[in-house]
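Shown here: protein_12.csv, CSV, C-alpha atoms.
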```
chain,number,residue,atom,x,y,z
A,14,MET,CA,0.0,0.0,0.0
A,15,SER,CA,1.4,3.4,-0.9
A,16,GLY,CA,2.0,6.2,1.6
A,17,ALA,CA,-0.9,8.2,0.0
A,18,ASP,CA,-3.2,5.2,0.3
A,19,SER,CA,-2.2,4.7,3.9
A,20,ARG,CA,-2.9,8.4,4.6
A,21,LYS,CA,-6.3,8.1,2.9
A,22,LEU,CA,-7.2,5.1,4.9
A,23,LEU,CA,-6.2,6.7,8.2
A,24,SER,CA,-7.7,10.1,7.4
A,25,ALA,CA,-9.7,11.9,10.0
A,26,LYS,CA,-12.7,11.7,7.6
A,27,ASN,CA,-12.6,7.9,7.5
A,28,LEU,CA,-11.7,7.4,11.2
A,29,GLY,CA,-13.3,10.3,12.9
A,30,LYS,CA,-16.7,8.8,13.3
A,31,ILE,CA,-15.7,5.2,13.8
A,32,GLY,CA,-12.4,5.6,15.5
A,33,ALA,CA,-13.7,6.3,18.9
A,34,THR,CA,-16.1,3.4,18.6
A,35,VAL,CA,-13.1,1.2,17.8
A,36,VAL,CA,-11.4,2.7,20.8
A,37,GLY,CA,-14.2,1.6,23.0
A,38,LEU,CA,-14.6,-1.9,21.6
A,39,ALA,CA,-10.9,-2.5,21.9
A,40,ALA,CA,-10.7,-1.0,25.4
A,41,LEU,CA,-13.6,-2.7,27.2
A,42,ALA,CA,-12.0,-4.0,30.3
A,43,GLY,CA,-13.3,-5.5,33.5
A,44,THR,CA,-15.6,-8.4,34.4
A,45,GLY,CA,-17.3,-9.7,31.3
A,46,LEU,CA,-15.9,-7.0,29.0
A,47,ALA,CA,-12.1,-7.4,28.9
A,48,ILE,CA,-10.4,-7.8,25.6
A,49,GLY,CA,-6.9,-6.7,26.6
A,50,ALA,CA,-5.9,-3.5,24.9
A,51,THR,CA,-7.0,0.0,24.0
A,52,LEU,CA,-6.6,1.9,20.8
A,53,GLU,CA,-5.7,5.5,21.4
A,54,THR,CA,-6.2,8.0,18.6
A,55,ARG,CA,-4.0,11.0,18.2
A,56,HIS,CA,-3.9,13.6,15.5
A,57,VAL,CA,-0.8,14.1,13.4
A,58,GLY,CA,-1.5,16.8,10.8
A,59,ASP,CA,-4.6,15.7,9.0
A,60,SER,CA,-4.2,12.1,9.9
A,61,VAL,CA,-5.3,9.9,12.8
A,62,ILE,CA,-2.9,7.2,13.9
A,63,ALA,CA,-4.4,4.3,15.9
A,64,ALA,CA,-1.9,3.1,18.4
A,65,ALA,CA,-2.5,0.0,20.5
A,66,GLN,CA,-1.7,0.5,24.1
A,67,PRO,CA,-2.2,-1.9,27.0
A,68,LEU,CA,-4.7,-0.9,29.6
A,69,SER,CA,-3.5,0.1,33.0
A,70,ALA,CA,-4.6,-2.6,35.5
A,71,GLN,CA,-4.1,-0.1,38.3
A,72,SER,CA,-6.4,2.5,36.7
A,73,ARG,CA,-9.1,-0.2,36.2
A,74,GLN,CA,-9.0,-1.3,39.9
A,75,VAL,CA,-12.3,-0.5,41.6
A,76,SER,CA,-12.2,0.9,45.1
A,77,TYR,CA,-15.1,0.6,47.5
A,78,ARG,CA,-15.5,3.6,49.8
A,79,THR,CA,-17.9,5.3,52.1
A,80,GLU,CA,-18.7,8.9,53.0
A,81,VAL,CA,-21.0,10.0,55.8
A,82,ILE,CA,-23.6,12.6,54.8
A,83,ASP,CA,-25.7,14.0,57.7
A,84,GLY,CA,-25.2,10.8,59.6
A,85,VAL,CA,-26.0,8.5,56.8
A,86,LYS,CA,-23.3,6.3,55.4
A,87,ILE,CA,-23.1,6.5,51.6
A,88,PHE,CA,-21.3,3.7,49.8
A,89,TYR,CA,-19.7,4.2,46.5
A,90,ARG,CA,-17.5,2.6,43.9
A,91,GLU,CA,-14.7,4.5,42.3
A,92,ALA,CA,-12.0,3.9,39.7
A,93,GLY,CA,-9.8,5.8,37.4
A,94,PRO,CA,-7.2,8.5,37.5
A,95,ALA,CA,-7.9,11.2,40.1
A,96,ASP,CA,-7.3,14.0,37.7
A,97,ALA,CA,-9.3,12.5,34.7
A,98,PRO,CA,-12.7,13.8,33.5
A,99,VAL,CA,-15.4,12.6,35.9
A,100,ILE,CA,-18.4,10.4,35.0
A,101,VAL,CA,-21.0,10.0,37.8
A,102,LEU,CA,-23.2,6.9,37.5
A,103,LEU,CA,-26.6,7.2,39.1
A,104,HIS,CA,-28.5,4.0,39.4
A,105,GLY,CA,-32.2,3.1,39.2
A,106,PHE,CA,-34.8,1.1,41.2
A,107,PRO,CA,-34.4,-1.5,42.7
A,108,ALA,CA,-30.7,-1.6,41.9
A,109,SER,CA,-27.6,0.0,43.2
A,110,SER,CA,-24.1,0.8,42.0
A,111,HIS,CA,-23.8,-2.9,41.5
A,112,MET,CA,-25.6,-2.4,38.1
A,113,PHE,CA,-22.4,-0.6,36.9
A,114,ARG,CA,-20.0,-3.3,38.1
A,115,ASN,CA,-18.8,-4.1,34.5
A,116,LEU,CA,-19.1,-0.6,33.1
A,117,ILE,CA,-16.8,1.1,35.7
A,118,PRO,CA,-13.6,-0.8,34.7
A,119,ALA,CA,-14.5,-0.4,31.0
A,120,LEU,CA,-14.2,3.4,31.4
A,121,ALA,CA,-11.7,3.8,34.1
A,122,ASP,CA,-8.5,3.8,32.0
A,123,ARG,CA,-9.5,7.3,30.8
A,124,TYR,CA,-12.0,8.6,33.3
A,125,ARG,CA,-12.6,9.0,37.0
A,126,VAL,CA,-15.8,7.0,37.5
A,127,ILE,CA,-17.9,7.4,40.6
A,128,ALA,CA,-21.0,5.3,41.4
A,129,PRO,CA,-22.8,5.9,44.7
A,130,ASP,CA,-25.7,4.0,46.3
A,131,TYR,CA,-28.6,6.2,47.5
A,132,PRO,CA,-29.8,5.9,51.1
A,133,GLY,CA,-31.9,2.8,51.3
A,134,PHE,CA,-30.2,1.1,48.4
A,135,GLY,CA,-27.2,-1.2,47.9
A,136,GLN,CA,-24.5,-0.9,50.6
A,137,SER,CA,-25.5,2.5,51.9
A,138,ASP,CA,-27.3,2.9,55.2
A,139,ALA,CA,-31.1,2.3,55.0
A,140,PRO,CA,-32.6,4.2,57.9
A,141,SER,CA,-36.3,3.7,58.4
A,142,VAL,CA,-38.9,6.0,56.9
A,143,ASP,CA,-39.3,7.6,60.4
A,144,GLN,CA,-35.6,8.4,60.5
A,145,PHE,CA,-35.0,9.7,56.9
A,146,GLU,CA,-37.0,11.7,54.4
A,147,TYR,CA,-37.3,9.4,51.4
A,148,THR,CA,-38.1,11.9,48.7
A,149,PHE,CA,-36.4,12.6,45.4
A,150,ASP,CA,-35.7,16.2,46.6
A,151,ASN,CA,-33.8,14.7,49.6
A,152,LEU,CA,-32.0,12.0,47.6
A,153,ALA,CA,-30.8,14.7,45.2
A,154,LYS,CA,-29.7,16.9,48.1
A,155,VAL,CA,-27.7,14.0,49.6
A,156,MET,CA,-26.1,13.1,46.3
A,157,ASP,CA,-25.2,16.8,45.6
A,158,THR,CA,-23.5,17.0,49.0
A,159,PHE,CA,-21.8,13.7,48.3
A,160,LEU,CA,-20.3,14.9,45.0
A,161,GLY,CA,-18.9,17.9,46.8
A,162,ARG,CA,-17.4,15.7,49.5
A,163,VAL,CA,-15.6,13.5,46.9
A,164,ARG,CA,-14.4,16.6,45.0
A,165,ALA,CA,-16.3,16.0,41.9
A,166,GLU,CA,-16.4,19.6,40.6
A,167,ARG,CA,-17.4,19.0,37.0
A,168,TYR,CA,-18.9,15.8,35.7
A,169,THR,CA,-20.9,13.9,33.1
A,170,LEU,CA,-24.0,12.4,34.6
A,171,TYR,CA,-25.1,8.9,33.7
A,172,VAL,CA,-28.8,8.6,34.7
A,173,GLN,CA,-31.0,5.5,34.7
A,174,ASP,CA,-34.5,5.2,36.1
A,175,TYR,CA,-34.4,6.9,39.5
A,176,GLY,CA,-31.1,8.4,38.5
A,177,ALA,CA,-32.9,10.7,36.2
A,178,PRO,CA,-35.0,12.6,38.8
A,179,VAL,CA,-31.9,12.7,41.1
A,180,GLY,CA,-29.5,13.7,38.4
A,181,TYR,CA,-31.7,16.3,36.7
A,182,ARG,CA,-32.4,18.1,40.0
A,183,ILE,CA,-28.6,18.3,40.5
A,184,ALA,CA,-28.1,19.5,36.9
A,185,THR,CA,-30.7,22.2,37.1
A,186,ALA,CA,-29.2,23.4,40.3
A,187,HIS,CA,-25.7,23.4,39.0
A,188,PRO,CA,-25.7,23.6,35.2
A,189,GLU,CA,-22.1,24.9,35.2
A,190,ARG,CA,-20.9,21.6,36.7
A,191,VAL,CA,-22.5,19.3,34.1
A,192,THR,CA,-20.3,18.5,31.2
A,193,GLY,CA,-22.6,16.0,29.6
A,194,LEU,CA,-25.5,13.6,30.0
A,195,ILE,CA,-25.7,9.8,29.4
A,196,VAL,CA,-29.3,8.7,29.5
A,197,GLN,CA,-30.3,5.0,29.9
A,198,ASN,CA,-34.1,4.7,30.3
A,199,GLY,CA,-34.3,7.8,32.4
A,200,ASN,CA,-37.5,9.8,31.9
A,201,ALA,CA,-38.0,13.6,31.7
A,202,TYR,CA,-41.2,13.8,29.6
A,203,ASP,CA,-44.9,13.1,30.2
A,204,GLU,CA,-44.9,10.6,27.3
A,205,GLY,CA,-42.7,8.3,29.3
A,206,LEU,CA,-45.4,7.8,31.9
A,207,ASP,CA,-48.2,7.2,29.6
A,208,ASN,CA,-48.3,3.4,29.8
A,209,PRO,CA,-50.1,0.7,31.9
A,210,PHE,CA,-47.1,0.2,34.3
A,211,TRP,CA,-47.7,3.5,35.9
A,212,GLU,CA,-51.5,3.2,36.5
A,213,PRO,CA,-51.3,1.7,40.0
A,214,ILE,CA,-48.5,4.2,40.9
A,215,LYS,CA,-50.7,7.1,39.7
A,216,ARG,CA,-53.5,5.8,41.9
A,217,LEU,CA,-51.1,6.0,44.8
A,218,TRP,CA,-50.3,9.6,44.0
A,219,ALA,CA,-54.0,10.4,44.0
A,220,ASP,CA,-54.7,8.5,47.2
A,221,PRO,CA,-51.9,7.0,49.3
A,222,SER,CA,-54.2,4.6,51.0
A,223,GLU,CA,-53.3,1.1,52.2
A,224,ALA,CA,-55.5,-0.3,49.5
A,225,ASN,CA,-53.5,1.5,46.8
A,226,LYS,CA,-50.2,0.5,48.4
A,227,LYS,CA,-51.0,-3.2,48.4
A,228,PRO,CA,-50.5,-4.0,44.6
A,229,LEU,CA,-47.3,-2.0,44.7
A,230,ARG,CA,-46.1,-3.9,47.8
A,231,ASP,CA,-46.9,-7.1,46.0
A,232,PHE,CA,-44.6,-6.0,43.2
A,233,LEU,CA,-41.7,-5.8,45.6
A,234,THR,CA,-41.1,-9.5,45.3
A,235,THR,CA,-38.5,-11.8,43.7
A,236,GLU,CA,-40.9,-12.3,40.8
A,237,GLY,CA,-41.3,-8.5,40.3
A,238,THR,CA,-37.6,-7.8,40.6
A,239,ARG,CA,-36.6,-10.6,38.2
A,240,TRP,CA,-39.2,-9.3,35.7
A,241,GLN,CA,-37.5,-5.9,35.7
A,242,TYR,CA,-34.3,-7.5,34.6
A,243,THR,CA,-35.7,-10.0,32.1
A,244,HIS,CA,-38.6,-8.4,30.3
A,245,GLY,CA,-37.8,-7.2,26.8
A,246,VAL,CA,-34.4,-8.9,26.6
A,247,ARG,CA,-33.3,-10.9,23.5
A,248,ASP,CA,-31.8,-13.8,25.5
A,249,VAL,CA,-32.7,-14.3,29.1
A,250,ASN,CA,-29.8,-16.7,29.5
A,251,ARG,CA,-27.4,-13.7,29.2
A,252,ILE,CA,-28.9,-12.0,32.3
A,253,SER,CA,-27.1,-13.0,35.5
A,254,PRO,CA,-29.5,-14.1,38.3
A,255,ASP,CA,-27.1,-12.4,40.7
A,256,THR,CA,-28.8,-9.1,39.7
A,257,TRP,CA,-32.3,-9.7,41.0
A,258,THR,CA,-31.1,-11.9,43.8
A,259,ILE,CA,-28.9,-9.2,45.3
A,260,ASP,CA,-31.5,-6.5,44.8
A,261,GLN,CA,-34.2,-8.6,46.4
A,262,ALA,CA,-32.0,-9.5,49.4
A,263,LEU,CA,-31.4,-5.8,50.1
A,264,MET,CA,-35.1,-5.0,49.5
A,265,ASP,CA,-36.1,-7.7,51.9
A,266,ARG,CA,-34.3,-6.0,54.8
A,267,PRO,CA,-36.7,-5.0,57.6
A,268,GLY,CA,-38.5,-1.8,56.8
A,269,ASN,CA,-37.1,-1.5,53.2
A,270,LYS,CA,-40.3,-2.1,51.4
A,271,ASP,CA,-41.7,0.9,53.3
A,272,VAL,CA,-38.8,2.9,51.9
A,273,GLN,CA,-39.6,1.8,48.4
A,274,LEU,CA,-43.3,2.6,48.8
A,275,GLN,CA,-42.4,6.1,50.0
A,276,LEU,CA,-40.3,6.6,46.9
A,277,PHE,CA,-43.1,5.4,44.7
A,278,LEU,CA,-45.2,8.1,46.3
A,279,SER,CA,-42.5,10.7,45.9
A,280,TYR,CA,-42.1,9.9,42.3
A,281,GLY,CA,-45.2,11.9,41.7
A,282,SER,CA,-43.1,15.0,42.5
A,283,ASN,CA,-41.1,14.5,39.4
A,284,ALA,CA,-43.6,15.2,36.6
A,285,PRO,CA,-44.3,18.8,37.7
A,286,LEU,CA,-40.5,19.4,37.3
A,287,TYR,CA,-40.3,18.1,33.7
A,288,PRO,CA,-40.8,21.6,32.2
A,289,SER,CA,-37.9,23.0,34.2
A,290,TRP,CA,-35.7,20.0,33.2
A,291,GLN,CA,-36.6,20.5,29.6
A,292,ALA,CA,-35.9,24.2,29.9
A,293,TYR,CA,-32.5,23.3,31.2
A,294,PHE,CA,-31.9,21.0,28.2
A,295,ARG,CA,-32.8,23.9,25.8
A,296,ALA,CA,-30.9,26.6,27.6
A,297,HIS,CA,-27.7,24.8,28.3
A,298,GLN,CA,-27.6,22.1,25.5
A,299,PRO,CA,-25.4,19.6,27.4
A,300,PRO,CA,-23.9,17.0,25.0
A,301,THR,CA,-26.2,14.0,25.5
A,302,LEU,CA,-25.9,10.3,24.7
A,303,ILE,CA,-29.1,8.3,24.8
A,304,VAL,CA,-28.7,4.5,25.1
A,305,TRP,CA,-32.2,3.3,25.7
A,306,GLY,CA,-33.6,-0.2,25.9
A,307,LYS,CA,-36.5,0.2,23.6
A,308,ASN,CA,-38.4,-2.9,24.8
A,309,ASP,CA,-38.7,-1.5,28.4
A,310,GLN,CA,-42.3,-1.6,29.6
A,311,ILE,CA,-41.5,0.8,32.5
A,312,PHE,CA,-39.9,3.6,30.5
A,313,PRO,CA,-40.7,2.7,26.9
A,314,ALA,CA,-39.1,4.3,23.8
A,315,ALA,CA,-41.9,6.9,23.8
A,316,GLY,CA,-40.1,8.6,26.7
A,317,ALA,CA,-36.8,8.7,24.8
A,318,GLU,CA,-38.1,10.3,21.6
A,319,PRO,CA,-39.0,13.7,23.1
A,320,TYR,CA,-35.3,14.4,24.0
A,321,LYS,CA,-34.9,15.1,20.3
A,322,ARG,CA,-37.1,18.2,20.7
A,323,ASP,CA,-34.9,20.0,23.1
A,324,LEU,CA,-31.3,18.8,22.6
A,325,LYS,CA,-29.2,19.6,19.6
A,326,ASN,CA,-26.0,17.9,20.5
A,327,LEU,CA,-27.5,14.5,20.8
A,328,ASP,CA,-26.4,10.9,20.0
A,329,PHE,CA,-29.6,8.9,20.0
A,330,ASN,CA,-29.6,5.1,20.2
A,331,LEU,CA,-32.5,2.7,20.8
A,332,LEU,CA,-31.2,-0.7,21.8
A,333,ASP,CA,-33.1,-4.0,21.3
A,334,THR,CA,-33.2,-4.9,25.0
A,335,GLY,CA,-35.1,-4.1,28.2
A,336,HIS,CA,-35.1,-1.8,31.3
A,337,PHE,CA,-31.6,-2.7,32.5
A,338,ALA,CA,-29.9,-2.4,29.1
A,339,LEU,CA,-26.4,-2.7,30.5
A,340,GLU,CA,-27.0,-6.3,31.4
A,341,GLU,CA,-27.4,-7.4,27.8
A,342,ASP,CA,-25.7,-4.6,25.8
A,343,GLY,CA,-23.0,-3.4,28.2
A,344,VAL,CA,-20.2,-3.8,25.6
A,345,VAL,CA,-22.2,-1.7,23.1
A,346,ILE,CA,-23.0,1.0,25.7
A,347,ALA,CA,-19.4,1.2,26.9
A,348,ALA,CA,-18.1,1.7,23.4
A,349,LYS,CA,-20.7,4.4,22.7
A,350,ILE,CA,-19.8,6.2,26.0
A,351,ARG,CA,-16.1,6.2,25.1
A,352,ALA,CA,-16.8,7.6,21.6
A,353,PHE,CA,-19.2,10.2,23.1
A,354,MET,CA,-16.8,11.3,25.7
A,355,ALA,CA,-13.9,11.5,23.3
A,356,GLU,CA,-15.8,13.3,20.5
A,357,ARG,CA,-18.4,15.5,22.3
A,358,VAL,CA,-17.4,16.0,26.0
A,359,VAL,CA,-13.7,16.1,26.4
A,360,PRO,CA,-13.1,18.7,23.7
A,361,THR,CA,-15.3,21.1,25.6
A,362,LEU,CA,-13.6,20.8,29.0
A,363,GLY,CA,-11.1,23.6,28.4
A,364,ARG,CA,-13.8,26.1,27.7
```
Hey, can you dump this file as structure tokens for me?
Amino acid sequence: MSGADSRKLLSAKNLGKIGATVVGLAALAGTGLAIGATLETRHVGDSVIAAAQPLSAQSRQVSYRTEVIDGVKIFYREAGPADAPVIVLLHGFPASSHMFRNLIPALADRYRVIAPDYPGFGQSDAPSVDQFEYTFDNLAKVMDTFLGRVRAERYTLYVQDYGAPVGYRIATAHPERVTGLIVQNGNAYDEGLDNPFWEPIKRLWADPSEANKKPLRDFLTTEGTRWQYTHGVRDVNRISPDTWTIDQALMDRPGNKDVQLQLFLSYGSNAPLYPSWQAYFRAHQPPTLIVWGKNDQIFPAAGAEPYKRDLKNLDFNLLDTGHFALEEDGVVIAAKIRAFMAERVVPTLGR
């Protein structure tokens, strides 16, 4: 191959769009995602040279830490260089930072990745409903304080399910801190709540009686939790039973079902904030990556589409999987995140 042909093959035009994806596919490291090396792209004149480099095992090592916020122990997972761009992973219901166990090392060679558990979830403290205010306002307040405590001054927010109302409260309060959004089945539009799953929850919002709590309490079972992980997936045999087993064990702690019912009730406080979140999208135009499981019956694709109305710098992807898209399409999502960060977020950080 001639030098001219080589330069043409490696031109920014040819590699610009796919290069970062190749980077991600070659760099996925950690449990279930490792393939051993990363491809780093660097510009030389008008060309891009792809150079294979080994991943740093040390940078991919996950640490398990705690911070105490107003007397409540907050557990979190962290990996990556301390001075790297920050990605904050905000989990959904009924999960915890465990849902990011594979994604964290797949990103940590280039980014500082932080994944906390909310109060009442995962390894964080789970005070009773009499001892802690389980509202989305308060969860966002605790997470905002937590991010200050761990010195996360600017960050890209990854939001899924409950992570969206927590993360969007933080984003609207501190838009200058948010460098980008990664949205996995995280709702911000009325269209996302217009489906049968939400009917019993909406009845609870209208009347928080014991009669309206009962069908929701019946949902907080192994069968209900397993369904959240398996509905809409292509191959249920690819979904680890550890996921719903761990979540259910934590939810079965004394008093925790009351915690979850309180948050079901508090979820009604989110929809009135949707206009302000959408105004934030329009005014600040954060670079946004959507990686949405389109077969989700909780937050269906109808809730993803409206993001196109308000966001201009948007990478929009519907994936053929369910609510917990990382479980089946973690490799794809990690590659898209690496491309998104390299192409749309990191170039803006010096501004």
Measuring atom to atom with only C-alpha atoms, identify which of A:Arg351, A:Leu276, A:Ala186, A:Ala296 is nearest to A:Glu146.
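Result for the nearest residue to A:Glu146: A:Leu276.
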Enter the distance from atom CA of A:Trp240 to atom CA of A:Gly316, in Å, rounded to one decimal.
20.1 Å
Which of these, A:His187, A:Arg123, A:Arg90, A:Lys226, has the shortest distance to A:Ala355 once you count only C-alpha atoms?
A:Arg123
Of the listed residues A:Asp157, A:Asp248, A:Glu356, A:Asp96, that which approaches A:Thr334 most closely, counting only C-alpha atoms
A:Asp248
Using only C-alpha atoms, pick whichever of A:Thr243, A:Tyr202, A:Ile183, A:His336 has the shortest atom-to-atom distance to A:Pro285.
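Looking at the shortest contact to A:Pro285, the residue is A:Tyr202.
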Find the residues with any atom within 12 Å of (-16.0, 14.7, 53.3); use all atoms listed in the file and the coordinates as given in the file, and write the answer as a ChimeraX atom specification.
/A:78-84,86-87,158-165
Between atom CA of A:Ala95 and atom CA of A:Arg114, measure the distance and give it in Å to one decimal.
19.0 Å
Please provide as a tab-separated table (two decimals) with C-alpha atoms, keeping the file's coordinate frame all residues within 6 Å of stretch 193-197 of chain A, with the sequence filter that same-chain residues fewer than 5 positions apart are discarded (counting only C-alpha atoms).
```
chain	number	residue	atom	x	y	z
A	169	THR	CA	-20.90	13.90	33.10
A	170	LEU	CA	-24.00	12.40	34.60
A	171	TYR	CA	-25.10	8.90	33.70
A	172	VAL	CA	-28.80	8.60	34.70
A	173	GLN	CA	-31.00	5.50	34.70
A	299	PRO	CA	-25.40	19.60	27.40
A	300	PRO	CA	-23.90	17.00	25.00
A	301	THR	CA	-26.20	14.00	25.50
A	302	LEU	CA	-25.90	10.30	24.70
A	303	ILE	CA	-29.10	8.30	24.80
A	304	VAL	CA	-28.70	4.50	25.10
A	305	TRP	CA	-32.20	3.30	25.70
```
Would you list the contacts of stretch 214-218 of chain A as a VMD selection string, taking every protein, DNA or RNA residue within 7 Å and counting only C-alpha atoms, but skipping same-chain residues closer than 2 positions in sequence?
chain A and resid 211 to 212 220 to 221 225 to 226 277 to 278 281
d(atom CA of A:Val359, atom CA of A:Pro98) in Å
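Atom-to-atom, atom CA of A:Val359 to atom CA of A:Pro98, that is 7.5 Å.
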Choose the residue, out of A:Leu116, A:Val101, A:Tyr242, A:Glu318, that has the smallest atom-to-atom separation from A:Glu204; count all atoms listed in the file.
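Of all the options, A:Glu318 lies closest to A:Glu204.
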Just the residues within 9 Å of A:Pro178, please, counting all atoms listed in the file, with nothing from its chain fewer than 2 positions along; format it as a CSV table (one decimal) with C-alpha atoms, in the coordinates of the input.
```
chain,number,residue,atom,x,y,z
A,149,PHE,CA,-36.4,12.6,45.4
A,150,ASP,CA,-35.7,16.2,46.6
A,153,ALA,CA,-30.8,14.7,45.2
A,172,VAL,CA,-28.8,8.6,34.7
A,174,ASP,CA,-34.5,5.2,36.1
A,175,TYR,CA,-34.4,6.9,39.5
A,176,GLY,CA,-31.1,8.4,38.5
A,180,GLY,CA,-29.5,13.7,38.4
A,181,TYR,CA,-31.7,16.3,36.7
A,182,ARG,CA,-32.4,18.1,40.0
A,183,ILE,CA,-28.6,18.3,40.5
A,199,GLY,CA,-34.3,7.8,32.4
A,200,ASN,CA,-37.5,9.8,31.9
A,201,ALA,CA,-38.0,13.6,31.7
A,280,TYR,CA,-42.1,9.9,42.3
A,283,ASN,CA,-41.1,14.5,39.4
A,286,LEU,CA,-40.5,19.4,37.3
```
